[in-house]
file structure36.pdb (PDB, C-alpha atoms)
ATOM      1  CA  MET A   1       7.213   0.649 -34.868
ATOM      2  CA  LYS A   2       8.278  -2.087 -32.460
ATOM      3  CA  LYS A   3      11.738  -2.234 -34.033
ATOM      4  CA  LEU A   4      12.067   1.548 -33.858
ATOM      5  CA  SER A   5      11.010   1.491 -30.190
ATOM      6  CA  LEU A   6      13.560  -1.199 -29.405
ATOM      7  CA  ILE A   7      16.339   0.665 -31.254
ATOM      8  CA  LEU A   8      15.436   3.911 -29.446
ATOM      9  CA  LYS A   9      15.470   2.314 -26.005
ATOM     10  CA  LEU A  10      18.706   0.449 -26.681
ATOM     11  CA  THR A  11      20.229   3.744 -27.822
ATOM     12  CA  ILE A  12      19.076   5.427 -24.606
ATOM     13  CA  ALA A  13      20.505   2.562 -22.536
ATOM     14  CA  LEU A  14      23.889   2.712 -24.269
ATOM     15  CA  ALA A  15      23.926   6.512 -24.007
ATOM     16  CA  ALA A  16      23.164   6.338 -20.269
ATOM     17  CA  ILE A  17      25.975   3.865 -19.642
ATOM     18  CA  GLY A  18      28.311   5.944 -21.838
ATOM     19  CA  LEU A  19      27.543   9.080 -19.828
ATOM     20  CA  LEU A  20      28.153   7.230 -16.565
ATOM     21  CA  ILE A  21      31.588   6.151 -17.831
ATOM     22  CA  TYR A  22      32.388   9.618 -19.233
ATOM     23  CA  PHE A  23      31.595  11.375 -15.949
ATOM     24  CA  ASN A  24      33.416   8.697 -13.915
ATOM     25  CA  ARG A  25      30.184   7.523 -12.302
ATOM     26  CA  LEU A  26      30.660   3.986 -13.586
ATOM     27  CA  ASP A  27      33.956   2.836 -12.121
ATOM     28  CA  LEU A  28      34.913  -0.251 -14.090
ATOM     29  CA  SER A  29      38.072  -0.602 -11.984
ATOM     30  CA  MET A  30      35.845  -1.846  -9.160
ATOM     31  CA  PHE A  31      35.439  -5.083 -11.086
ATOM     32  CA  SER A  32      39.134  -5.795 -10.469
ATOM     33  CA  ASN A  33      38.142  -6.578  -6.872
ATOM     34  CA  LEU A  34      36.243  -9.627  -8.076
ATOM     35  CA  GLY A  35      39.487 -11.622  -7.943
ATOM     36  CA  GLU A  36      39.379 -11.441  -4.158
ATOM     37  CA  GLY A  37      35.636 -11.070  -3.787
ATOM     38  CA  TRP A  38      34.593 -14.031  -5.930
ATOM     39  CA  PRO A  39      33.172 -15.984  -2.920
ATOM     40  CA  TRP A  40      30.726 -13.119  -2.397
ATOM     41  CA  LEU A  41      29.824 -13.234  -6.090
ATOM     42  CA  VAL A  42      29.203 -16.990  -5.948
ATOM     43  CA  ALA A  43      27.051 -16.393  -2.871
ATOM     44  CA  ALA A  44      25.078 -13.741  -4.769
ATOM     45  CA  VAL A  45      24.286 -16.203  -7.574
ATOM     46  CA  ALA A  46      23.344 -18.966  -5.118
ATOM     47  CA  ILE A  47      21.051 -16.603  -3.196
ATOM     48  CA  TRP A  48      19.436 -15.217  -6.342
ATOM     49  CA  LEU A  49      18.512 -18.524  -7.997
ATOM     50  CA  PRO A  50      15.796 -19.532  -5.462
ATOM     51  CA  THR A  51      13.935 -16.306  -6.254
ATOM     52  CA  TYR A  52      12.632 -17.925  -9.456
ATOM     53  CA  GLY A  53      10.980 -20.653  -7.384
ATOM     54  CA  LEU A  54       9.358 -18.075  -5.084
ATOM     55  CA  VAL A  55       8.146 -15.978  -8.020
ATOM     56  CA  SER A  56       6.704 -19.107  -9.668
ATOM     57  CA  LEU A  57       4.893 -20.059  -6.452
ATOM     58  CA  ARG A  58       3.528 -16.519  -6.227
ATOM     59  CA  PHE A  59       2.251 -16.718  -9.816
ATOM     60  CA  TYR A  60       0.728 -20.132  -9.099
ATOM     61  CA  GLU A  61      -1.227 -18.667  -6.168
ATOM     62  CA  VAL A  62      -2.316 -15.615  -8.181
ATOM     63  CA  LEU A  63      -3.652 -17.889 -10.931
ATOM     64  CA  ARG A  64      -5.620 -19.848  -8.335
ATOM     65  CA  MET A  65      -7.008 -16.587  -6.925
ATOM     66  CA  GLN A  66      -8.464 -15.922 -10.378
ATOM     67  CA  GLY A  67      -9.995 -19.416 -10.515
ATOM     68  CA  LEU A  68      -7.441 -20.729 -13.019
ATOM     69  CA  GLN A  69      -6.393 -24.212 -11.922
ATOM     70  CA  VAL A  70      -2.896 -25.101 -13.092
ATOM     71  CA  SER A  71      -0.022 -27.100 -11.647
ATOM     72  CA  PHE A  72       2.974 -25.491 -10.007
ATOM     73  CA  VAL A  73       5.170 -26.998 -12.736
ATOM     74  CA  GLN A  74       3.119 -25.174 -15.365
ATOM     75  CA  ALA A  75       3.373 -21.914 -13.442
ATOM     76  CA  LEU A  76       7.126 -22.442 -13.157
ATOM     77  CA  ARG A  77       7.400 -23.047 -16.911
ATOM     78  CA  TRP A  78       5.489 -19.868 -17.763
ATOM     79  CA  THR A  79       7.500 -17.834 -15.267
ATOM     80  CA  MET A  80      10.830 -19.028 -16.620
ATOM     81  CA  VAL A  81       9.791 -18.514 -20.257
ATOM     82  CA  GLY A  82       8.639 -14.980 -19.447
ATOM     83  CA  SER A  83      11.887 -14.320 -17.604
ATOM     84  CA  PHE A  84      13.889 -15.505 -20.615
ATOM     85  CA  PHE A  85      11.964 -13.233 -22.976
ATOM     86  CA  ASP A  86      12.687 -10.274 -20.686
ATOM     87  CA  LEU A  87      16.197 -10.400 -22.148
ATOM     88  CA  GLY A  88      15.056  -9.524 -25.631
ATOM     89  CA  TRP A  89      12.483  -6.912 -24.696
ATOM     90  CA  PRO A  90      13.005  -3.153 -24.535
ATOM     91  CA  ARG A  91      11.957  -3.147 -20.877
ATOM     92  CA  SER A  92      12.484  -5.477 -17.948
ATOM     93  CA  SER A  93       8.853  -6.648 -17.699
ATOM     94  CA  GLY A  94       8.294  -7.254 -21.409
ATOM     95  CA  GLY A  95       8.344 -11.008 -20.867
ATOM     96  CA  ASP A  96       4.975 -10.653 -19.131
ATOM     97  CA  ILE A  97       3.383 -10.232 -22.567
ATOM     98  CA  VAL A  98       4.792 -13.589 -23.608
ATOM     99  CA  LYS A  99       3.727 -15.178 -20.317
ATOM    100  CA  ALA A 100       0.197 -13.805 -20.729
ATOM    101  CA  GLY A 101       0.119 -15.310 -24.219
ATOM    102  CA  TYR A 102       0.925 -18.753 -22.850
ATOM    103  CA  VAL A 103      -1.678 -18.444 -20.076
ATOM    104  CA  VAL A 104      -4.464 -17.390 -22.454
ATOM    105  CA  LYS A 105      -3.539 -20.136 -24.899
ATOM    106  CA  ALA A 106      -3.695 -22.791 -22.175
ATOM    107  CA  MET A 107      -6.801 -21.464 -20.401
ATOM    108  CA  GLY A 108      -8.827 -20.684 -23.525
ATOM    109  CA  THR A 109     -10.344 -17.463 -24.822
ATOM    110  CA  GLY A 110     -13.166 -17.632 -22.286
ATOM    111  CA  ASN A 111     -10.642 -17.000 -19.530
ATOM    112  CA  ARG A 112      -8.687 -14.371 -21.471
ATOM    113  CA  MET A 113      -9.383 -11.475 -19.089
ATOM    114  CA  ARG A 114      -8.653 -13.525 -15.980
ATOM    115  CA  GLY A 115      -5.437 -14.873 -17.495
ATOM    116  CA  ILE A 116      -4.183 -11.440 -18.506
ATOM    117  CA  MET A 117      -5.131  -9.947 -15.144
ATOM    118  CA  ALA A 118      -3.380 -12.780 -13.301
ATOM    119  CA  VAL A 119      -0.138 -11.843 -15.053
ATOM    120  CA  THR A 120      -0.780  -8.147 -14.376
ATOM    121  CA  PHE A 121      -1.578  -8.775 -10.702
ATOM    122  CA  ASP A 122       1.507 -10.930 -10.347
ATOM    123  CA  ARG A 123       3.713  -8.092 -11.584
ATOM    124  CA  GLY A 124       1.811  -5.441  -9.642
ATOM    125  CA  ILE A 125       1.939  -7.332  -6.346
ATOM    126  CA  GLY A 126       5.659  -7.884  -6.869
ATOM    127  CA  LEU A 127       6.233  -4.149  -7.301
ATOM    128  CA  LEU A 128       3.970  -3.286  -4.364
ATOM    129  CA  ALA A 129       5.911  -5.706  -2.147
ATOM    130  CA  LEU A 130       9.158  -3.897  -3.062
ATOM    131  CA  PHE A 131       7.788  -0.666  -1.624
ATOM    132  CA  LEU A 132       6.234  -2.460   1.366
ATOM    133  CA  MET A 133       9.583  -4.028   2.187
ATOM    134  CA  ALA A 134      11.423  -0.701   1.912
ATOM    135  CA  TRP A 135       8.713   0.958   4.036
ATOM    136  CA  MET A 136       8.882  -1.695   6.773
ATOM    137  CA  ALA A 137      12.687  -1.436   6.846
ATOM    138  CA  CYS A 138      12.400   2.316   7.458
ATOM    139  CA  TRP A 139      11.303   1.866  11.041
ATOM    140  CA  PRO A 140      14.274  -0.112  12.453
ATOM    141  CA  ALA A 141      16.534   2.191  10.392
ATOM    142  CA  TRP A 142      14.691   5.350  11.486
ATOM    143  CA  GLY A 143      17.594   6.597  13.599
ATOM    144  CA  GLU A 144      19.813   6.936  10.526
ATOM    145  CA  LEU A 145      17.068   7.925   8.091
ATOM    146  CA  SER A 146      15.880  10.802  10.295
ATOM    147  CA  GLN A 147      19.379  12.295  10.159
ATOM    148  CA  MET A 148      19.629  12.014   6.383
ATOM    149  CA  PRO A 149      18.777  14.915   4.072
ATOM    150  CA  ASN A 150      15.289  14.115   2.729
ATOM    151  CA  GLY A 151      15.185  10.982   4.902
ATOM    152  CA  ARG A 152      11.853  11.947   6.453
ATOM    153  CA  LEU A 153      10.498  12.789   3.004
ATOM    154  CA  LEU A 154      11.538   9.329   1.780
ATOM    155  CA  VAL A 155       9.581   7.668   4.591
ATOM    156  CA  LEU A 156       6.552   9.871   3.862
ATOM    157  CA  VAL A 157       6.612   9.023   0.132
ATOM    158  CA  LEU A 158       6.923   5.286   0.837
ATOM    159  CA  THR A 159       4.029   5.499   3.306
ATOM    160  CA  LEU A 160       1.807   7.258   0.763
ATOM    161  CA  ILE A 161       2.679   4.729  -1.969
ATOM    162  CA  CYS A 162       1.990   1.688   0.224
ATOM    163  CA  VAL A 163      -1.169   2.956   1.930
ATOM    164  CA  GLY A 164      -2.508   4.469  -1.292
ATOM    165  CA  SER A 165      -1.923   1.298  -3.332
ATOM    166  CA  LEU A 166      -3.640  -0.921  -0.756
ATOM    167  CA  ALA A 167      -6.559   1.518  -0.545
ATOM    168  CA  VAL A 168      -7.019   1.492  -4.338
ATOM    169  CA  LEU A 169      -6.955  -2.315  -4.428
ATOM    170  CA  ARG A 170      -9.591  -2.466  -1.707
ATOM    171  CA  LEU A 171     -11.789   0.091  -3.469
ATOM    172  CA  LEU A 172     -11.625  -1.618  -6.876
ATOM    173  CA  GLY A 173     -12.497  -4.961  -5.323
ATOM    174  CA  SER A 174     -15.173  -3.689  -2.940
ATOM    175  CA  ARG A 175     -18.478  -5.528  -2.601
ATOM    176  CA  MET A 176     -20.295  -2.190  -2.772
ATOM    177  CA  ILE A 177     -19.208  -1.804  -6.403
ATOM    178  CA  ARG A 178     -19.497  -5.462  -7.401
ATOM    179  CA  ASN A 179     -22.962  -6.038  -5.936
ATOM    180  CA  ASN A 180     -24.506  -2.758  -7.115
ATOM    181  CA  ALA A 181     -26.817  -3.354 -10.079
ATOM    182  CA  ASN A 182     -26.830   0.331 -11.019
ATOM    183  CA  VAL A 183     -23.049   0.427 -11.189
ATOM    184  CA  GLU A 184     -23.055  -2.749 -13.282
ATOM    185  CA  ASN A 185     -25.610  -1.346 -15.723
ATOM    186  CA  PHE A 186     -23.704   1.921 -16.052
ATOM    187  CA  ILE A 187     -20.328   0.250 -16.673
ATOM    188  CA  THR A 188     -21.583  -2.403 -19.090
ATOM    189  CA  ARG A 189     -23.191   0.261 -21.274
ATOM    190  CA  LEU A 190     -19.863   2.031 -21.750
ATOM    191  CA  PRO A 191     -17.572   1.258 -24.708
ATOM    192  CA  LEU A 192     -15.769  -1.970 -23.782
ATOM    193  CA  GLY A 193     -18.040  -2.015 -20.741
ATOM    194  CA  GLU A 194     -18.262  -5.814 -20.582
ATOM    195  CA  ASN A 195     -14.481  -6.003 -20.429
ATOM    196  CA  LEU A 196     -14.361  -3.311 -17.742
ATOM    197  CA  TRP A 197     -16.922  -5.206 -15.636
ATOM    198  CA  ALA A 198     -14.964  -8.422 -16.061
ATOM    199  CA  LEU A 199     -11.875  -6.492 -14.962
ATOM    200  CA  ALA A 200     -13.701  -5.339 -11.831
ATOM    201  CA  GLY A 201     -14.576  -8.970 -11.194
ATOM    202  CA  THR A 202     -10.905  -9.948 -11.108
ATOM    203  CA  PHE A 203     -10.245  -7.326  -8.417
ATOM    204  CA  HIS A 204     -13.272  -8.569  -6.465
ATOM    205  CA  ALA A 205     -12.029 -12.167  -6.659
ATOM    206  CA  MET A 206      -8.732 -11.056  -5.187
ATOM    207  CA  ARG A 207     -10.387  -9.025  -2.438
ATOM    208  CA  GLU A 208     -12.558 -11.987  -1.409
ATOM    209  CA  GLN A 209      -9.469 -14.114  -0.737
ATOM    210  CA  ARG A 210      -7.607 -11.962   1.775
ATOM    211  CA  GLY A 211      -5.626 -14.815   3.274
ATOM    212  CA  ARG A 212      -4.288 -15.899  -0.097
ATOM    213  CA  PHE A 213      -3.635 -12.266  -1.079
ATOM    214  CA  TRP A 214      -1.455 -11.628   1.973
ATOM    215  CA  ALA A 215       0.259 -14.974   1.447
ATOM    216  CA  VAL A 216       1.155 -13.812  -2.063
ATOM    217  CA  VAL A 217       2.455 -10.511  -0.677
ATOM    218  CA  ALA A 218       4.519 -12.443   1.895
ATOM    219  CA  LEU A 219       5.996 -14.597  -0.881
ATOM    220  CA  SER A 220       6.928 -11.428  -2.752
ATOM    221  CA  CYS A 221       8.609  -9.985   0.336
ATOM    222  CA  CYS A 222      10.619 -13.202   0.814
ATOM    223  CA  ASN A 223      11.625 -13.042  -2.848
ATOM    224  CA  HIS A 224      12.742  -9.425  -2.510
ATOM    225  CA  LEU A 225      14.593 -10.162   0.706
ATOM    226  CA  LEU A 226      16.686 -12.755  -1.135
ATOM    227  CA  ALA A 227      17.265 -10.245  -3.934
ATOM    228  CA  CYS A 228      18.455  -7.658  -1.398
ATOM    229  CA  VAL A 229      20.823 -10.159   0.223
ATOM    230  CA  ALA A 230      22.194 -11.037  -3.228
ATOM    231  CA  LEU A 231      22.669  -7.332  -3.932
ATOM    232  CA  TYR A 232      24.471  -6.905  -0.620
ATOM    233  CA  ALA A 233      26.783  -9.790  -1.581
ATOM    234  CA  ILE A 234      27.528  -8.054  -4.909
ATOM    235  CA  CYS A 235      28.451  -4.893  -3.009
ATOM    236  CA  ARG A 236      30.878  -6.897  -0.872
ATOM    237  CA  ALA A 237      32.275  -8.643  -3.965
ATOM    238  CA  LEU A 238      33.093  -5.213  -5.407
ATOM    239  CA  GLY A 239      34.809  -4.162  -2.180
ATOM    240  CA  MET A 240      31.968  -1.902  -1.029
ATOM    241  CA  ASP A 241      30.984  -2.035   2.637
ATOM    242  CA  VAL A 242      27.364  -0.944   3.085
ATOM    243  CA  ASP A 243      25.039  -1.072   6.067
ATOM    244  CA  PHE A 244      22.652  -3.979   5.463
ATOM    245  CA  LEU A 245      19.750  -2.563   7.495
ATOM    246  CA  LYS A 246      19.899   0.687   5.580
ATOM    247  CA  GLY A 247      20.290  -1.387   2.440
ATOM    248  CA  LEU A 248      16.859  -2.924   3.029
ATOM    249  CA  VAL A 249      15.482   0.569   2.417
ATOM    250  CA  VAL A 250      17.720   1.472  -0.530
ATOM    251  CA  PHE A 251      18.059  -1.882  -2.337
ATOM    252  CA  PRO A 252      14.314  -2.350  -3.093
ATOM    253  CA  LEU A 253      14.183   1.138  -4.608
ATOM    254  CA  ALA A 254      17.267   0.391  -6.697
ATOM    255  CA  ILE A 255      15.733  -2.882  -7.888
ATOM    256  CA  PHE A 256      12.537  -1.003  -8.793
ATOM    257  CA  SER A 257      14.564   1.378 -10.969
ATOM    258  CA  ASN A 258      15.453  -1.620 -13.166
ATOM    259  CA  VAL A 259      11.857  -1.656 -14.428
ATOM    260  CA  PHE A 260      12.726   1.343 -16.600
ATOM    261  CA  GLY A 261      15.870  -0.139 -18.118
ATOM    262  CA  VAL A 262      16.438  -2.471 -21.045
ATOM    263  CA  ALA A 263      16.556  -6.272 -20.615
ATOM    264  CA  GLY A 264      16.583  -6.139 -16.841
ATOM    265  CA  GLY A 265      17.700  -2.601 -16.090
ATOM    266  CA  PHE A 266      20.629  -1.755 -18.359
ATOM    267  CA  GLY A 267      20.809   1.990 -18.931
ATOM    268  CA  LEU A 268      18.147   3.784 -16.917
ATOM    269  CA  GLY A 269      18.266   1.151 -14.189
ATOM    270  CA  THR A 270      22.010   1.676 -13.896
ATOM    271  CA  LEU A 271      21.391   5.406 -13.545
ATOM    272  CA  GLY A 272      18.870   4.630 -10.807
ATOM    273  CA  PHE A 273      21.436   2.632  -8.847
ATOM    274  CA  ASP A 274      23.977   5.434  -9.160
ATOM    275  CA  PHE A 275      21.498   8.092  -8.003
ATOM    276  CA  LEU A 276      20.207   6.119  -5.012
ATOM    277  CA  PHE A 277      23.636   5.015  -3.801
ATOM    278  CA  ALA A 278      24.976   8.562  -4.089
ATOM    279  CA  HIS A 279      22.025  10.264  -2.373
ATOM    280  CA  LEU A 280      21.010   7.661   0.221
ATOM    281  CA  PHE A 281      24.226   5.748   0.951
ATOM    282  CA  HIS A 282      26.397   8.798   0.165
ATOM    283  CA  ILE A 283      28.966   6.565  -1.507
ATOM    284  CA  PRO A 284      30.105   6.367  -5.156
ATOM    285  CA  GLY A 285      30.025   3.232  -7.252
ATOM    286  CA  GLY A 286      26.296   2.621  -7.373
ATOM    287  CA  ALA A 287      26.387   2.364 -11.165
ATOM    288  CA  SER A 288      28.988  -0.415 -10.976
ATOM    289  CA  VAL A 289      26.862  -2.318  -8.458
ATOM    290  CA  GLY A 290      23.824  -1.865 -10.679
ATOM    291  CA  LEU A 291      25.654  -3.073 -13.761
ATOM    292  CA  ALA A 292      26.946  -6.150 -11.916
ATOM    293  CA  PHE A 293      23.448  -6.894 -10.599
ATOM    294  CA  GLN A 294      21.940  -6.542 -14.070
ATOM    295  CA  ILE A 295      24.570  -8.836 -15.584
ATOM    296  CA  LEU A 296      23.865 -11.449 -12.899
ATOM    297  CA  THR A 297      20.105 -11.337 -13.425
ATOM    298  CA  ALA A 298      20.482 -11.381 -17.218
ATOM    299  CA  ALA A 299      22.739 -14.441 -17.022
ATOM    300  CA  THR A 300      20.298 -16.345 -14.801
ATOM    301  CA  ARG A 301      17.391 -15.464 -17.095
ATOM    302  CA  LEU A 302      19.037 -17.730 -19.659
ATOM    303  CA  LEU A 303      17.801 -20.594 -17.479
ATOM    304  CA  GLY A 304      14.408 -19.935 -19.019
ATOM    305  CA  LEU A 305      15.609 -21.042 -22.462
ATOM    306  CA  PRO A 306      15.282 -24.808 -21.755
ATOM    307  CA  PHE A 307      11.725 -24.224 -20.488
ATOM    308  CA  PHE A 308      10.896 -22.520 -23.791
ATOM    309  CA  LEU A 309      12.593 -25.171 -25.941
ATOM    310  CA  TRP A 310      11.209 -28.103 -23.960
ATOM    311  CA  ASP A 311       7.628 -26.874 -23.959
ATOM    312  CA  HIS A 312       5.128 -29.718 -24.169
ATOM    313  CA  ASN A 313       3.854 -28.364 -27.493
ATOM    314  CA  ALA A 314       7.354 -28.623 -28.923
ATOM    315  CA  SER A 315       7.565 -32.253 -27.841
ATOM    316  CA  ALA A 316       4.442 -32.937 -29.915
ATOM    317  CA  GLY A 317       6.177 -31.614 -33.007
ATOM    318  CA  LYS A 318       4.556 -28.176 -32.855
ATOM    319  CA  THR A 319       6.382 -24.903 -32.602
ATOM    320  CA  PRO A 320       5.073 -23.057 -29.534
ATOM    321  CA  SER A 321       3.992 -19.491 -30.210
ATOM    322  CA  PRO A 322       4.153 -17.070 -27.288
ATOM    323  CA  PHE A 323       1.561 -14.873 -29.035
ATOM    324  CA  PRO A 324      -1.709 -16.782 -29.472
ATOM    325  CA  GLN A 325      -4.616 -15.220 -31.289
ATOM    326  CA  GLY A 326      -5.979 -12.228 -29.405
ATOM    327  CA  ILE A 327      -2.687 -11.286 -27.790
ATOM    328  CA  GLN A 328      -0.744 -10.173 -30.850
TER     329      GLN A 328
END

call {"tool": "encode", "arguments": {"input": "structure36.pdb", "output": "structure tokens"}}
result
Amino acid sequence: MKKLSLILKLTIALAAIGLLIYFNRLDLSMFSNLGEGWPWLVAAVAIWLPTYGLVSLRFYEVLRMQGLQVSFVQALRWTMVGSFFDLGWPRSSGGDIVKAGYVVKAMGTGNRMRGIMAVTFDRGIGLLALFLMAWMACWPAWGELSQMPNGRLLVLVLTLICVGSLAVLRLLGSRMIRNNANVENFITRLPLGENLWALAGTFHAMREQRGRFWAVVALSCCNHLLACVALYAICRALGMDVDFLKGLVVFPLAIFSNVFGVAGGFGLGTLGFDFLFAHLFHIPGGASVGLAFQILTAATRLLGLPFFLWDHNASAGKTPSPFPQGIQ
């Protein structure tokens, strides 16, 4: 089934790119501008690389929020290994499964739920920060957005996503739920109730550390800001002049669309770039920008290979398995 799923998604990705080329939405001739725009491309790579350090620091803090004490070097190793495995997965966040496997293996089965939830929170906070960044950028760019077709609707949708997500996080981690014996008895009697109550505990642990939570969100926003600057540099490398302030609204949404593509966004993510550039920037070539961005991120994900090969288990003569018992 896994092989069939991978083949299906790869087929969809190739079909999406083929349709973009057939309907002249993916202009490969734009890549001829790279001869003159190579300094912008080099800048994009240089700006993108530090994002792995920020993401690793974010994951390190999320682990600590769940009471899992690890070193930053360990968090960096797991982040880079997960990033590398994203390349071979039928979706851009598939490497999280591998990363969760490493965390559970290192922390032990007693911390399985907290380890898995740390990886889930890390991804979720990263996605939430994308929308928060786009939402915050709406206000200085309001003059242009208010004149755009559906611009006001875009701001409304972003507001609902951000406020709604924060409200759900607060509710799930509320003391009223955690400290209520009746609620605990009801949940623990349900099928998988013990796991559900442990899951509620991970939300509560996060809610009780507000300072660290907002620090993690701030790290995510800094990471996404670098990603947006790198994306802006790619636009310039391809000879496309876009407004950077407006880009802070559009770029995070385009990056989010990569979640639905293969190995970092190929296919559906490329379609997302094309749609957003056409409808929000009102300029063609979004698919080419998306493809260039996905190639850049895929190439840098190869940096995770040494972290996988040089794992401390490998140095002891053991072959590290990213799928320990209980995660397969």

call {"tool": "closest_residue", "arguments": {"input": "structure36.pdb", "among": "A:Leu158, A:Glu36, A:Phe251, A:Trp78", "to": "Leu132 in chain A", "atoms": "only C-alpha atoms"}}
result
A:Leu158

call {"tool": "atom_distance", "arguments": {"input": "structure36.pdb", "atom1": "CA of Ser56 in chain A", "atom2": "CA of Ala287 in chain A"}}
result
29.2 Å

call {"tool": "closest_atom_pairs", "arguments": {"input": "structure36.pdb", "of": "range 226-298 of chain A", "to": "range 140-156 of chain A", "cutoff": "9 Å", "atoms": "only C-alpha atoms", "output": "JSON lines"}}
result
{"residue": "A:Leu245", "atom": "CA", "partner": "A:Ala141", "partner_atom": "CA", "distance": 6.4}
{"residue": "A:Lys246", "atom": "CA", "partner": "A:Ala141", "partner_atom": "CA", "distance": 6.1}
{"residue": "A:Leu248", "atom": "CA", "partner": "A:Ala141", "partner_atom": "CA", "distance": 9.0}
{"residue": "A:Val249", "atom": "CA", "partner": "A:Ala141", "partner_atom": "CA", "distance": 8.2}
{"residue": "A:His279", "atom": "CA", "partner": "A:Pro149", "partner_atom": "CA", "distance": 8.6}
{"residue": "A:Leu280", "atom": "CA", "partner": "A:Met148", "partner_atom": "CA", "distance": 7.7}

call {"tool": "atom_distance", "arguments": {"input": "structure36.pdb", "atom1": "CA of Ala292 in chain A", "atom2": "CA of Phe84 in chain A"}}
result
18.3 Å

call {"tool": "atom_distance", "arguments": {"input": "structure36.pdb", "atom1": "CA of Leu190 in chain A", "atom2": "CA of Lys99 in chain A"}}
result
29.2 Å

call {"tool": "decode", "arguments": {"input": "structure36.pdb", "residues": "range 265-292 of chain A", "atoms": "C-alpha atoms", "output": "compact mmCIF listing (two decimals), in the first residue's frame"}}
result
# COMPACT_ATOMS: atom_id res chain seq x y z
CA GLY A 265 6.40 20.59 -2.86
CA PHE A 266 6.93 19.23 -6.37
CA GLY A 267 3.62 18.98 -8.20
CA LEU A 268 0.80 20.35 -6.06
CA GLY A 269 3.13 22.83 -4.37
CA THR A 270 4.17 24.12 -7.78
CA LEU A 271 0.50 24.56 -8.66
CA GLY A 272 0.05 26.48 -5.42
CA PHE A 273 2.83 28.90 -6.33
CA ASP A 274 1.33 29.46 -9.77
CA PHE A 275 -2.16 30.11 -8.38
CA LEU A 276 -1.02 32.52 -5.65
CA PHE A 277 1.33 34.50 -7.88
CA ALA A 278 -1.34 34.81 -10.57
CA HIS A 279 -4.18 35.82 -8.22
CA LEU A 280 -2.34 37.87 -5.59
CA PHE A 281 0.69 39.28 -7.43
CA HIS A 282 -1.17 39.30 -10.78
CA ILE A 283 2.00 38.20 -12.56
CA PRO A 284 2.81 34.97 -14.44
CA GLY A 285 5.73 32.72 -13.66
CA GLY A 286 4.76 31.59 -10.18
CA ALA A 287 5.21 27.94 -11.16
CA SER A 288 8.80 28.61 -12.26
CA VAL A 289 9.55 30.35 -8.96
CA GLY A 290 7.99 27.45 -7.07
CA LEU A 291 9.98 24.88 -9.00
CA ALA A 292 13.23 26.78 -8.39
